[in-house]
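Please read the structure below before turning to the comments.
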Amino acid sequence: MTAVGFAGLGTMGAAMAANVARAGFHVRAWNRTPGRVAALLELGVTEAPDPAALAADAEIVVVCVSDTPDVEQVLFGDRGIAAGARPGTIVVDCSTISPSATRAFAARLAAGGISLVDAPVTGGSEGARKGTLSILVGGAPEDVERVRPVLAAMGTTITHFGPVGSGQVAKAVNQVVIATGYLSVAEGLALAMKAGLDPEQVVTALSGGVAASWILANRSGRMIENDYPLGFKVALHRKDLAIALALAREIGVSLPGSSLVAALEDGLIARGHGEEDQSSIARVIRGLSGMED
Ligand code: NAP
């Protein structure tokens with residue numbers, strides 16, 4: 001069985017690594033803050049002391065960390081993946097980061113005979129746990145085929161868009177679509193609640209019609225409860241909107257809805273809610289509407 005390294009065991013990475021191990025791959029893992037591998041030991045996952053050691057033992061190395069500088073650090077920092085990986089190794093980056101930086105990282109890795117496949121994911125923390133993620137892939141066709149069995153252990157929909165970086169572009173599109181998606185559900189629920197309707201009844205009824213969405217089905221409950229346990233952090237979505245807005249500016253696309261949501265998320269972060277789930281955008285609408293926020 002292929003030896004797979006896994007760098008980054010946060011909300012997403014830990015669940016994805018578990019599914020790769022359950023699929024029968026030999027998984028070795030590393031996380032910056034120690035202690036995160038413990039929960040995976042019963043699945044046969046072993047721990048590497050640093051990314052270089054992780055990569056030295058692996059044919060495929062999956063990275064799932066927060067932001068562009070973090071991926072750069074894990075790849076090229078002291079004892080980074082590039083320092084340990086043998087030529088022929090493929091790095092699969094499942095983090096959501098800048099497409100242009102991804103292309104630059106691929107070129108730097110290629111100098112050492114290492115390939116990069118960008119494979120950001122969507123489907124939420126639930127999708128990561130259940131192995132039902134949608135994976136948005138960019139890379140050379142032969143590299144994508146080699147890593148496909150590992151991707152199939154983490155997700156059910158795998159779409160190869162084109163050369164390296166194109167998975168990250170598709171992910172930016174996803175983050176633009178969900179930006180106003182969360183805001184719309186928050187607005188509709190505030191209207192329902194203040195008008196005196198039973199919001200849960202509204203969600204059930206609307207879920208059978210045109211307004212049905214993953215966000216309505218899976219995140220409306222949090223907005224109704226005004227309680228936002230972590231799935232996907234506001235701060236991470238704000239990071240993704242920065243990527244999408246930079247790309248839009250670069251290629252001449254106007255994204256007024258995403259710009260608005262970015263400003264609202266800046267307000268949430270300034271008020272100390274950046275580590276909450278993205279559904280806490282409802283706090284903004286509740287606050288503007290004179291409801292408890
Ligand atoms: P998370 O729970 O905050 O975990 C972040 C992980 O990145 C942790 O393992 C963290 O290590 C590691 N990390 C951050 N900076 C690092 C650095 N400089 N060097 C080494 N490790 C570093 O985040 P997440 O929700 O798993 O998200 C991970 C990625 O997936 C992000 O790009 C996010 O946008 C994307 N994503 C998330 C979701 C979601 O629903 N959560 C959905 C789709 C995509 P420590 O433990 O040491 O902090």
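Identifiers in this document derive from the order of the structure tokens: chains are assigned A, B, ..., residues are numbered from 1 separately in each chain, and ligands are numbered from 1 in order of occurrence.
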- Query: How would you write, as a VMD selection string, the set of residues no farther than 6 Å from ligand 1 when counting only C-alpha atoms and all ligand atoms?
  - Reply: chain A and resid 8 to 13 31 to 33 64 to 67 70 73 to 74 95 to 96 121 to 122 124 to 125 231 to 232 236
- Among the residues of segment 76-290 of chain A, find those DSSP assigns to strand (DSSP E or B) from the backbone and print them as a PyMOL selection string. chain A and resi 90-93+115-118+121-122+133-138+155-162+233+277
- Item | Surrounding residues of segment 106-109 of chain A excluding itself and chain neighbours under 6 positions, 9 Å, only C-alpha atoms, as a ChimeraX atom specification | /A:75-76,82,91,115-117,164-165
- Surrounding residues of Gly257 of chain A excluding itself and chain neighbours under 6 positions, 9 Å, only C-alpha atoms, as a list in words: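 Near Gly257 of chain A, the qualifying residues are Val176, Ala179 and Thr180 of chain A.
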- Task: Counting only C-alpha atoms, figure out which residue out of A:Leu151, A:Ala14, A:Ala172, A:Ile60 gets nearest to Leu247 of chain A.
- Result: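 Among the listed residues, A:Ala172 lies closest to Leu247 of chain A.
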- Message: For a quick check of understanding, using only C-alpha atoms, which of A:Ala101, A:Ala29, A:Ala128, A:Ala85 has the smallest distance to Ala48 of chain A?
- Response: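 The closest residue to Ala48 of chain A is A:Ala29.
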- Which of A:Ala39, A:Gly167, A:Ala140, A:Ser289 sits closest to Leu191 of chain A [using only C-alpha atoms]: A:Ser289
- Any idea what the distance is between atom CA of Thr46 of chain A and atom CA of Asp143 of chain A? 25.1 Å
Hey, which bits of segment 136-200 of chain A sit within 7 Å of segment 275-282 of chain A, and for each residue what's the closest pair of atoms and how far apart in Å (one decimal), counting only C-alpha atoms, rows by chain and increasing number, as a tab-separated table?
residue	atom	partner	partner_atom	distance
A:Tyr182	CA	A:Ser279	CA	6.3
A:Leu183	CA	A:Ile281	CA	6.5
A:Ala186	CA	A:Ala282	CA	4.8
